[in-house]
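Chemist: If you scroll down you'll find the structure; I have some questions about it.
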Amino acid sequence: MEASAMESLCNFLSLTVVGLCVIMKVPQIWSAFKAGNTNGISLGSVLLEQCGYSIMLSYSFAMEYPVVNYLETAFLLTQNFLLLGLIIHTRDMLSPKVFIFFVLYMIVYLSIANKFLPEVMMKAVISLNTPLSVSSKLTQILALYRNKEPGRLSAKTWGIAAYGCYVRVFTNLVQTGDPFIILSFSSGAFLNTVIVIMILFYTQQKRTKLY
């Protein structure tokens with residue numbers, strides 16, 4: 001395939017990811033909001049995911065990668081903030097510590113985005129993204145395994161997440177060649193798929209018990 005055709009394919013796939021990620025977490029957020037609880041959603045998983053998204057967005061912005069190659073991360077970050085807000089509200093966790101952590105969070109990630117950190121630290125930061133992403137998904141997998149039921153988790157949300165990771169493995173192989181980002185998305189694709197399978201399995205088990 002010619003370079004221009006490959007670039008066009010990458011841009012098209014990137015747009016599908018961005019389009020889907022605009023609504024990716026909406027089913028999960030809506031389910032939790034409607035039920036008035038966030039049962040089944042691991043707070044640890046969401047916090048780790050938030051850190052991973054923030055690193056990916058701020059690092060990609062700092063490195064001046066094509067915007068279309070990471071735009072969906074901005075949408076996911078926004079939706080994750082809403083999900084965290086729901087968790088904090090439904091579990092009555094609001095306290096001054098939350099505001100302090102938020103201020104520290106903003107200082108760290110604005111420093112990355114504006115290249116206030118030395119290059120060696122920038123590379124160290126992005127290298128953390130893979131363990132953060134893996135830890136986030138493993139935390140949710142363990143919570144699912146312990147609970148044996150999906151709660152407010154949405155197979156649609158995690159299915160879109162898996163698709164986005166598979167596409168990003170391909171587009172980054174073609175467009176950036178960044179090994180840190182490729183490894184992060186590869187592990188995310190596999191673990192997201194595991195979570196989808198577990199949600200479908202436990203949902204089916206729950207239905208079987210009801211009948």
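Labels for the structure tokens follow display order: chains A, B, ..., residues from 1 in each chain, ligands from 1.
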May I have the residues within 7 Å of Tyr202 (chain A) as a PDB file with all heavy atoms, in the first residue's frame, using only C-alpha atoms and disregarding those fewer than 6 positions away in the same chain?

Modeler:
```
ATOM      1  N   LYS A 148     -18.157 -11.288  40.893  1.00  0.00           N
ATOM      2  CA  LYS A 148     -18.870 -12.261  40.046  1.00  0.00           C
ATOM      3  C   LYS A 148     -20.143 -11.674  39.405  1.00  0.00           C
ATOM      4  O   LYS A 148     -21.057 -12.391  39.059  1.00  0.00           O
ATOM      5  CB  LYS A 148     -19.260 -13.509  40.863  1.00  0.00           C
ATOM      6  CG  LYS A 148     -18.091 -14.280  41.437  1.00  0.00           C
ATOM      7  CD  LYS A 148     -17.304 -14.997  40.351  1.00  0.00           C
ATOM      8  CE  LYS A 148     -16.287 -15.967  40.917  1.00  0.00           C
ATOM      9  NZ  LYS A 148     -15.233 -15.359  41.714  1.00  0.00           N
ATOM     10  N   GLU A 149     -20.169 -10.360  39.272  1.00  0.00           N
ATOM     11  CA  GLU A 149     -21.282  -9.705  38.579  1.00  0.00           C
ATOM     12  C   GLU A 149     -20.845  -8.300  38.146  1.00  0.00           C
ATOM     13  O   GLU A 149     -20.035  -7.667  38.829  1.00  0.00           O
ATOM     14  CB  GLU A 149     -22.539  -9.682  39.444  1.00  0.00           C
ATOM     15  CG  GLU A 149     -22.546  -8.735  40.590  1.00  0.00           C
ATOM     16  CD  GLU A 149     -23.410  -7.522  40.259  1.00  0.00           C
ATOM     17  OE1 GLU A 149     -24.163  -7.556  39.267  1.00  0.00           O
ATOM     18  OE2 GLU A 149     -23.297  -6.531  40.991  1.00  0.00           O
ATOM     19  N   PRO A 150     -21.336  -7.825  36.985  1.00  0.00           N
ATOM     20  CA  PRO A 150     -20.808  -6.599  36.384  1.00  0.00           C
ATOM     21  C   PRO A 150     -21.245  -5.295  37.033  1.00  0.00           C
ATOM     22  O   PRO A 150     -20.607  -4.267  36.832  1.00  0.00           O
ATOM     23  CB  PRO A 150     -21.317  -6.674  34.933  1.00  0.00           C
ATOM     24  CG  PRO A 150     -22.550  -7.499  35.011  1.00  0.00           C
ATOM     25  CD  PRO A 150     -22.303  -8.494  36.114  1.00  0.00           C
TER      26      PRO A 150
END
```

Chemist: Can you list, as a list of chain:residue names, every protein, DNA or RNA residue that comes within 12 Å of Arg91 (chain A) when you count only C-alpha atoms, leaving out same-chain residues fewer than 2 positions away?

Modeler: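 Skipping anything fewer than 2 positions along the chain leaves A:Ala32, A:Gly36, A:Asn37, A:Thr38, A:Asn39, A:Ile41, A:Ser42, A:Leu43, A:Leu84, A:Gly85, A:Leu86, A:Ile87, A:Ile88, A:His89, A:Met93, A:Leu94, A:Ser95.
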
Chemist: Go ahead and save the picked residues with N, CA and C atoms, as a CSV table (one decimal), in the first residue's frame.

Modeler:
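Result went into result-v9.csv, see below:
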```csv
chain,number,residue,atom,x,y,z
A,32,ALA,N,-24.9,4.3,35.8
A,32,ALA,CA,-24.6,4.6,37.2
A,32,ALA,C,-25.5,5.8,37.7
A,36,GLY,N,-28.3,5.5,40.5
A,36,GLY,CA,-27.9,6.2,41.7
A,36,GLY,C,-26.8,5.5,42.5
A,37,ASN,N,-26.1,4.6,41.8
A,37,ASN,CA,-24.9,4.0,42.5
A,37,ASN,C,-23.9,3.6,41.5
A,38,THR,N,-22.7,3.3,41.9
A,38,THR,CA,-21.6,3.0,41.0
A,38,THR,C,-21.0,1.6,41.4
A,39,ASN,N,-21.9,0.7,41.8
A,39,ASN,CA,-21.6,-0.7,42.1
A,39,ASN,C,-20.8,-1.3,40.9
A,41,ILE,N,-18.0,-0.7,39.8
A,41,ILE,CA,-16.9,0.1,39.2
A,41,ILE,C,-15.8,0.4,40.2
A,42,SER,N,-14.6,-0.1,39.9
A,42,SER,CA,-13.5,0.0,40.8
A,42,SER,C,-12.9,1.5,40.8
A,43,LEU,N,-12.9,2.1,41.9
A,43,LEU,CA,-12.4,3.5,42.1
A,43,LEU,C,-10.9,3.5,41.7
A,84,LEU,N,-15.6,9.9,37.8
A,84,LEU,CA,-15.1,10.1,39.1
A,84,LEU,C,-16.0,10.9,40.0
A,85,GLY,N,-16.6,12.0,39.4
A,85,GLY,CA,-17.5,12.8,40.2
A,85,GLY,C,-18.7,12.0,40.7
A,86,LEU,N,-19.2,11.1,39.8
A,86,LEU,CA,-20.3,10.2,40.3
A,86,LEU,C,-19.9,9.3,41.4
A,87,ILE,N,-18.7,8.7,41.3
A,87,ILE,CA,-18.2,7.8,42.3
A,87,ILE,C,-18.1,8.6,43.6
A,88,ILE,N,-17.4,9.7,43.6
A,88,ILE,CA,-17.2,10.5,44.8
A,88,ILE,C,-18.6,10.9,45.4
A,89,HIS,N,-19.6,11.3,44.6
A,89,HIS,CA,-20.9,11.7,45.1
A,89,HIS,C,-21.6,10.5,45.7
A,93,MET,N,-17.6,10.7,49.3
A,93,MET,CA,-16.2,10.8,49.5
A,93,MET,C,-15.6,12.2,49.4
A,94,LEU,N,-16.5,13.2,49.1
A,94,LEU,CA,-16.0,14.5,49.0
A,94,LEU,C,-15.4,15.1,50.3
A,95,SER,N,-14.1,15.6,50.2
A,95,SER,CA,-13.4,16.2,51.3
A,95,SER,C,-12.4,17.1,50.8
```

Chemist: Tell me which of A:Leu83, A:Ile100, A:Ala189, A:Leu77 sits closest to Val22 (chain A), counting only C-alpha atoms.

Modeler: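 Comparing A:Leu83, A:Ile100, A:Ala189, A:Leu77 against Val22 (chain A), the winner is A:Leu77.
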
Chemist: Nearest residue to Gln79 (chain A) out of A:Met121, A:Ile112, A:Val46, A:Leu138, using only C-alpha atoms?

Modeler: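 Using only C-alpha atoms, the shortest distance to Gln79 (chain A) belongs to A:Val46.
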
Chemist: What are the closest atom pairs, with distances in Å to one decimal, for each residue of region 41-149 of chain A lying within 9 Å of region 169-180 of chain A, using only C-alpha atoms, rows by chain and rising residue number, as JSON lines?

Modeler:
```
{"residue": "A:Tyr65", "atom": "CA", "partner": "A:Thr176", "partner_atom": "CA", "distance": 7.7}
{"residue": "A:Pro66", "atom": "CA", "partner": "A:Gln175", "partner_atom": "CA", "distance": 8.7}
{"residue": "A:Asn69", "atom": "CA", "partner": "A:Thr171", "partner_atom": "CA", "distance": 7.6}
{"residue": "A:Lys123", "atom": "CA", "partner": "A:Phe180", "partner_atom": "CA", "distance": 8.8}
{"residue": "A:Ile126", "atom": "CA", "partner": "A:Phe180", "partner_atom": "CA", "distance": 6.8}
{"residue": "A:Ser127", "atom": "CA", "partner": "A:Phe180", "partner_atom": "CA", "distance": 5.9}
{"residue": "A:Leu128", "atom": "CA", "partner": "A:Phe180", "partner_atom": "CA", "distance": 8.9}
{"residue": "A:Asn129", "atom": "CA", "partner": "A:Phe180", "partner_atom": "CA", "distance": 7.9}
{"residue": "A:Thr130", "atom": "CA", "partner": "A:Phe180", "partner_atom": "CA", "distance": 7.4}
```

Chemist: Go ahead and save the picked residues with all heavy atoms, as a PDB file, in the first residue's frame.

Modeler:
```pdb
ATOM      1  N   TYR A  65       2.661  15.532  18.408  1.00  0.00           N
ATOM      2  CA  TYR A  65       2.160  14.484  17.527  1.00  0.00           C
ATOM      3  C   TYR A  65       0.886  14.977  16.841  1.00  0.00           C
ATOM      4  O   TYR A  65       0.244  15.925  17.330  1.00  0.00           O
ATOM      5  CB  TYR A  65       1.862  13.211  18.325  1.00  0.00           C
ATOM      6  CG  TYR A  65       3.091  12.470  18.809  1.00  0.00           C
ATOM      7  CD1 TYR A  65       3.054  11.688  19.961  1.00  0.00           C
ATOM      8  CD2 TYR A  65       4.288  12.538  18.112  1.00  0.00           C
ATOM      9  CE1 TYR A  65       4.179  11.001  20.404  1.00  0.00           C
ATOM     10  CE2 TYR A  65       5.411  11.855  18.547  1.00  0.00           C
ATOM     11  CZ  TYR A  65       5.352  11.091  19.690  1.00  0.00           C
ATOM     12  OH  TYR A  65       6.476  10.420  20.119  1.00  0.00           O
ATOM     13  N   PRO A  66       0.496  14.366  15.693  1.00  0.00           N
ATOM     14  CA  PRO A  66      -0.738  14.785  15.024  1.00  0.00           C
ATOM     15  C   PRO A  66      -1.925  14.728  15.987  1.00  0.00           C
ATOM     16  O   PRO A  66      -2.135  13.715  16.663  1.00  0.00           O
ATOM     17  CB  PRO A  66      -0.890  13.749  13.898  1.00  0.00           C
ATOM     18  CG  PRO A  66       0.491  13.256  13.636  1.00  0.00           C
ATOM     19  CD  PRO A  66       1.182  13.275  14.975  1.00  0.00           C
ATOM     20  N   ASN A  69      -4.267  11.879  16.260  1.00  0.00           N
ATOM     21  CA  ASN A  69      -3.729  10.632  16.798  1.00  0.00           C
ATOM     22  C   ASN A  69      -3.941  10.486  18.304  1.00  0.00           C
ATOM     23  O   ASN A  69      -3.694   9.424  18.864  1.00  0.00           O
ATOM     24  CB  ASN A  69      -2.229  10.540  16.488  1.00  0.00           C
ATOM     25  CG  ASN A  69      -1.817   9.152  16.062  1.00  0.00           C
ATOM     26  OD1 ASN A  69      -2.543   8.487  15.340  1.00  0.00           O
ATOM     27  ND2 ASN A  69      -0.666   8.699  16.506  1.00  0.00           N
ATOM     28  N   LYS A 123      10.539  11.138  29.090  1.00  0.00           N
ATOM     29  CA  LYS A 123      10.576   9.737  28.668  1.00  0.00           C
ATOM     30  C   LYS A 123      10.211   8.805  29.828  1.00  0.00           C
ATOM     31  O   LYS A 123       9.537   7.792  29.634  1.00  0.00           O
ATOM     32  CB  LYS A 123      11.975   9.380  28.134  1.00  0.00           C
ATOM     33  CG  LYS A 123      12.326  10.067  26.829  1.00  0.00           C
ATOM     34  CD  LYS A 123      11.415   9.633  25.695  1.00  0.00           C
ATOM     35  CE  LYS A 123      11.798  10.290  24.379  1.00  0.00           C
ATOM     36  NZ  LYS A 123      10.832   9.939  23.296  1.00  0.00           N
ATOM     37  N   ILE A 126       6.296   8.950  30.268  1.00  0.00           N
ATOM     38  CA  ILE A 126       5.508   8.184  29.289  1.00  0.00           C
ATOM     39  C   ILE A 126       5.736   6.686  29.477  1.00  0.00           C
ATOM     40  O   ILE A 126       4.854   5.867  29.191  1.00  0.00           O
ATOM     41  CB  ILE A 126       5.817   8.611  27.831  1.00  0.00           C
ATOM     42  CG1 ILE A 126       4.773   8.038  26.868  1.00  0.00           C
ATOM     43  CG2 ILE A 126       7.212   8.210  27.417  1.00  0.00           C
ATOM     44  CD1 ILE A 126       3.350   8.439  27.107  1.00  0.00           C
ATOM     45  N   SER A 127       6.909   6.299  29.991  1.00  0.00           N
ATOM     46  CA  SER A 127       7.160   4.880  30.242  1.00  0.00           C
ATOM     47  C   SER A 127       6.283   4.351  31.365  1.00  0.00           C
ATOM     48  O   SER A 127       6.063   3.139  31.478  1.00  0.00           O
ATOM     49  CB  SER A 127       8.641   4.636  30.572  1.00  0.00           C
ATOM     50  OG  SER A 127       8.964   5.180  31.842  1.00  0.00           O
ATOM     51  N   LEU A 128       5.756   5.256  32.206  1.00  0.00           N
ATOM     52  CA  LEU A 128       4.846   4.849  33.285  1.00  0.00           C
ATOM     53  C   LEU A 128       3.453   4.528  32.764  1.00  0.00           C
ATOM     54  O   LEU A 128       2.653   3.901  33.457  1.00  0.00           O
ATOM     55  CB  LEU A 128       4.730   5.969  34.327  1.00  0.00           C
ATOM     56  CG  LEU A 128       5.944   6.256  35.208  1.00  0.00           C
ATOM     57  CD1 LEU A 128       5.690   7.503  36.040  1.00  0.00           C
ATOM     58  CD2 LEU A 128       6.219   5.057  36.106  1.00  0.00           C
ATOM     59  N   ASN A 129       3.150   4.983  31.546  1.00  0.00           N
ATOM     60  CA  ASN A 129       1.790   4.849  31.041  1.00  0.00           C
ATOM     61  C   ASN A 129       1.359   3.396  30.901  1.00  0.00           C
ATOM     62  O   ASN A 129       0.215   3.051  31.200  1.00  0.00           O
ATOM     63  CB  ASN A 129       1.657   5.558  29.690  1.00  0.00           C
ATOM     64  CG  ASN A 129       0.215   5.863  29.356  1.00  0.00           C
ATOM     65  OD1 ASN A 129      -0.473   6.562  30.092  1.00  0.00           O
ATOM     66  ND2 ASN A 129      -0.261   5.328  28.255  1.00  0.00           N
ATOM     67  N   THR A 130       2.285   2.540  30.443  1.00  0.00           N
ATOM     68  CA  THR A 130       1.940   1.126  30.274  1.00  0.00           C
ATOM     69  C   THR A 130       1.620   0.449  31.607  1.00  0.00           C
ATOM     70  O   THR A 130       0.563  -0.169  31.739  1.00  0.00           O
ATOM     71  CB  THR A 130       3.061   0.372  29.535  1.00  0.00           C
ATOM     72  OG1 THR A 130       3.220   0.944  28.240  1.00  0.00           O
ATOM     73  CG2 THR A 130       2.707  -1.100  29.390  1.00  0.00           C
TER      74      THR A 130
END
```

Chemist: What's the separation between CA of Gln28 (chain A) and CA of Ser154 (chain A), in Å to one decimal place?

Modeler: 5.2 Å

Chemist: Find the residues around Lys34 (chain A) up to 12 Å (only C-alpha atoms counted), leave out those fewer than 5 positions away in its own chain, and share them as a PDB file with C-alpha atoms, in the first residue's frame.

Modeler:
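Result file selection_36.pdb:
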```pdb
ATOM      1  CA  VAL A  26     -21.635   7.437  28.311  1.00  0.00           C
ATOM      2  CA  PRO A  27     -23.380   4.013  28.701  1.00  0.00           C
ATOM      3  CA  GLN A  28     -21.464   3.375  31.945  1.00  0.00           C
ATOM      4  CA  ILE A  29     -22.003   6.918  33.263  1.00  0.00           C
ATOM      5  CA  LEU A  86     -20.311  10.211  40.259  1.00  0.00           C
ATOM      6  CA  THR A  90     -22.534   8.246  45.353  1.00  0.00           C
ATOM      7  CA  ARG A 152     -22.800  -0.746  36.496  1.00  0.00           C
TER       8      ARG A 152
END
```

Chemist: Could you please write out, as a PyMOL selection string, every residue of region 23-130 of chain A that DSSP assigns to alpha helix (DSSP H)?

Modeler: chain A and resi 26-35+43-62+71-90+96-113+119-127+129-130

Chemist: Using only C-alpha atoms, please write the residues we just selected to a file, as a tab-separated table (two decimals), in the first residue's frame.

Modeler:
```tsv
chain	number	residue	atom	x	y	z
A	26	VAL	CA	-21.64	7.44	28.31
A	27	PRO	CA	-23.38	4.01	28.70
A	28	GLN	CA	-21.46	3.37	31.94
A	29	ILE	CA	-22.00	6.92	33.26
A	30	TRP	CA	-25.70	6.87	32.37
A	31	SER	CA	-26.21	3.44	33.95
A	32	ALA	CA	-24.60	4.62	37.21
A	33	PHE	CA	-26.47	7.93	37.19
A	34	LYS	CA	-29.84	6.29	36.54
A	35	ALA	CA	-29.29	3.65	39.25
A	43	LEU	CA	-12.36	3.46	42.06
A	44	GLY	CA	-8.72	2.33	41.94
A	45	SER	CA	-9.13	1.34	38.31
A	46	VAL	CA	-10.71	4.68	37.36
A	47	LEU	CA	-7.99	6.68	39.15
A	48	LEU	CA	-5.19	4.72	37.48
A	49	GLU	CA	-6.95	5.12	34.14
A	50	GLN	CA	-7.23	8.87	34.76
A	51	CYS	CA	-3.48	9.11	35.32
A	52	GLY	CA	-2.82	7.09	32.17
A	53	TYR	CA	-5.10	9.26	30.02
A	54	SER	CA	-3.54	12.42	31.46
A	55	ILE	CA	0.00	11.24	30.71
A	56	MET	CA	-0.91	10.19	27.17
A	57	LEU	CA	-2.65	13.49	26.40
A	58	SER	CA	-0.06	15.81	27.94
A	59	TYR	CA	2.91	13.87	26.49
A	60	SER	CA	1.44	13.63	22.98
A	61	PHE	CA	0.66	17.38	23.08
A	62	ALA	CA	4.19	18.18	24.27
A	71	LEU	CA	-7.80	13.62	20.27
A	72	GLU	CA	-9.96	10.83	21.69
A	73	THR	CA	-7.90	10.94	24.89
A	74	ALA	CA	-9.27	14.43	25.61
A	75	PHE	CA	-12.85	13.14	25.33
A	76	LEU	CA	-12.06	10.11	27.50
A	77	LEU	CA	-10.45	12.33	30.11
A	78	THR	CA	-13.57	14.51	30.27
A	79	GLN	CA	-15.85	11.48	30.63
A	80	ASN	CA	-13.56	10.00	33.28
A	81	PHE	CA	-13.88	13.22	35.30
A	82	LEU	CA	-17.68	12.80	35.18
A	83	LEU	CA	-17.37	9.16	36.26
A	84	LEU	CA	-15.05	10.10	39.13
A	85	GLY	CA	-17.53	12.80	40.17
A	86	LEU	CA	-20.31	10.21	40.26
A	87	ILE	CA	-18.20	7.80	42.31
A	88	ILE	CA	-17.24	10.53	44.79
A	89	HIS	CA	-20.88	11.67	45.06
A	90	THR	CA	-22.53	8.25	45.35
A	96	PRO	CA	-10.68	18.84	51.29
A	97	LYS	CA	-8.18	16.12	50.35
A	98	VAL	CA	-9.96	15.67	47.01
A	99	PHE	CA	-9.37	19.35	46.13
A	100	ILE	CA	-5.71	19.17	47.20
A	101	PHE	CA	-5.11	16.10	45.02
A	102	PHE	CA	-6.86	17.85	42.10
A	103	VAL	CA	-4.58	20.91	42.35
A	104	LEU	CA	-1.45	18.70	42.50
A	105	TYR	CA	-2.78	16.68	39.55
A	106	MET	CA	-3.21	19.83	37.42
A	107	ILE	CA	0.30	21.11	38.30
A	108	VAL	CA	1.94	17.82	37.28
A	109	TYR	CA	0.17	17.36	33.96
A	110	LEU	CA	0.40	21.01	32.89
A	111	SER	CA	4.15	20.74	33.55
A	112	ILE	CA	4.35	17.76	31.19
A	113	ALA	CA	2.20	19.40	28.49
A	119	GLU	CA	13.58	15.28	28.28
A	120	VAL	CA	14.81	12.34	30.37
A	121	MET	CA	11.92	12.90	32.79
A	122	MET	CA	9.47	13.18	29.88
A	123	LYS	CA	10.58	9.74	28.67
A	124	ALA	CA	10.33	8.37	32.20
A	125	VAL	CA	6.79	9.74	32.52
A	126	ILE	CA	5.51	8.18	29.29
A	127	SER	CA	7.16	4.88	30.24
A	129	ASN	CA	1.79	4.85	31.04
A	130	THR	CA	1.94	1.13	30.27
```

Chemist: Could you check how far CA of Cys21 (chain A) sits from CA of Lys206 (chain A), in Å to one decimal?

Modeler: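 Between CA of Cys21 (chain A) and CA of Lys206 (chain A) the gap works out to 28.4 Å.
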
Chemist: What separation in Å, quoted to one decimal, exists between CA of Ile160 (chain A) and CA of Ser8 (chain A)?

Modeler: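 It comes out at 21.6 Å.
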
Chemist: I'd like the neighbourhood of region 191-193 of chain A as a list in words, where a residue qualifies if any of its atoms comes within 7 Å (using only C-alpha atoms), though same-chain residues fewer than 3 positions away should be ignored.

Modeler: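 The residues that qualify are Lys137, Trp158, Gly159, Ala161, Ala162, Ser187, Gly188, Val196 and Ile197 of chain A.
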